[in-house]
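A.B. asks: My structure is below; once you've seen it, I'll send some questions.
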Amino acid sequence: MNNNILLDRGIVLSSGEISKDKINLVAGAITQPFAEMVWVTTGGDMETINRLTDILVSMNTPADRGKLFKIIKMLYGLMGLQFSEEAEPMGADPAVLEYFIFSFTADFGEIIKDYIAEIE
């Protein structure tokens with residue numbers, strides 16, 4: 001996969017800058033079903049959710065980010081979800097991937113907080 005796909009989809013601008021708005025939109029759209037399935041499959045078990053969150057945060061390093069992206073895609077499959085075609089090329093560019101993982105993790109945390117608030 002090359003950066004032309006990222007340009008064509010507006011993820012990377014012609015200036016070479018990443019479109020944080022576009023990445024946020026894609027991450028937000030795919031994080032909601034992921035967080036919902038994590039919540040449902042764990043029965044809201046915060047120990048498990050915290051371990052997953054720790055992996056999302058601790059693996060968000062230049063050395064591990066590509067592996068983390070593969071783990072996220074694998075978790076989608078394990079939960080019976082289809083990984084977004086729009087998110088698929090995010091792994092092709094280091095700056096895009098860094099911001100995507102950041103946005104995905106932040107959205108995941110916010111959604112889980114909402115679920116916790118609903119049961120309290």
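Ordered as shown in the structure tokens, chains take letters A, B, and onward, while each chain numbers its residues from 1 and ligands are numbered from 1 in the order shown.
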Please provide as a count of residues only all residues within 12 Å of A:Glu85, with the sequence filter that same-chain residues fewer than 4 positions apart are discarded (counting only C-alpha atoms).
C.D. replies: 11
A.B. asks: Report as a list in words all protein, DNA and RNA residues lying within 9 Å of stretch 95-105 of chain A, evaluated on only C-alpha atoms, omitting residues in the same chain fewer than 4 positions from it.
C.D. replies: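 Here the qualifying residues turn out to be Leu6, Ile11, Val12, Ile18, Ser19, Lys20, Ile23, Asn24, Val26, Ala27, Gly28, Ile30, Thr31, Thr53, Leu56, Val57, Asn60, Thr61, Pro62, Arg65, Gly66, Leu68, Phe69, Ala87, Pro89, Met90, Gly91, Gly109 and Glu110 of chain A.
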A.B. asks: Mind pulling up the distance from atom CA of A:Ala35 to atom CA of A:Asp107?
C.D. replies: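 Atom-to-atom, atom CA of A:Asp107 and atom CA of A:Ala35 are spaced 8.8 Å apart.
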A.B. asks: Can you work out the spacing between atom CA of A:Asn4 and atom CA of A:Phe108 in Å, to one decimal?
C.D. replies: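 Computed distance, atom CA of A:Asn4 to atom CA of A:Phe108, equals 28.6 Å.
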A.B. asks: Output as a PyMOL selection string all residues of stretch 12-89 of chain A that backbone DSSP marks as helix (DSSP H, G or I).
C.D. replies: chain A and resi 20-42+46-58+65-78+88-89
A.B. asks: For the atom pair atom CA of A:Met74 and atom CA of A:Ala92, what is the interatomic distance in Å to one decimal place?
C.D. replies: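 Straight-line distance from atom CA of A:Met74 to atom CA of A:Ala92 works out to 17.1 Å.
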A.B. asks: Compare A:Phe34, A:Gly10, A:Ile112, A:Glu86 by their minimum atom-to-atom distance to A:Ile72, counting only C-alpha atoms, and give me the closest one.
C.D. replies: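 Once distances to A:Ile72 are computed over only C-alpha atoms, the minimum belongs to A:Phe34.
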A.B. asks: Find, counting only C-alpha atoms, the residue in A:Met79, A:Glu120, A:Ser84, A:Asp114 that gets nearest to A:Val38.
C.D. replies: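 Among the listed residues, A:Met79 lies closest to A:Val38.
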A.B. asks: Under the rule that only C-alpha atoms are counted, which of A:Leu25, A:Pro33, A:Glu17, A:Ile49 is the nearest residue to A:Tyr76?
C.D. replies: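 For A:Tyr76, the nearest of the candidates is A:Pro33.
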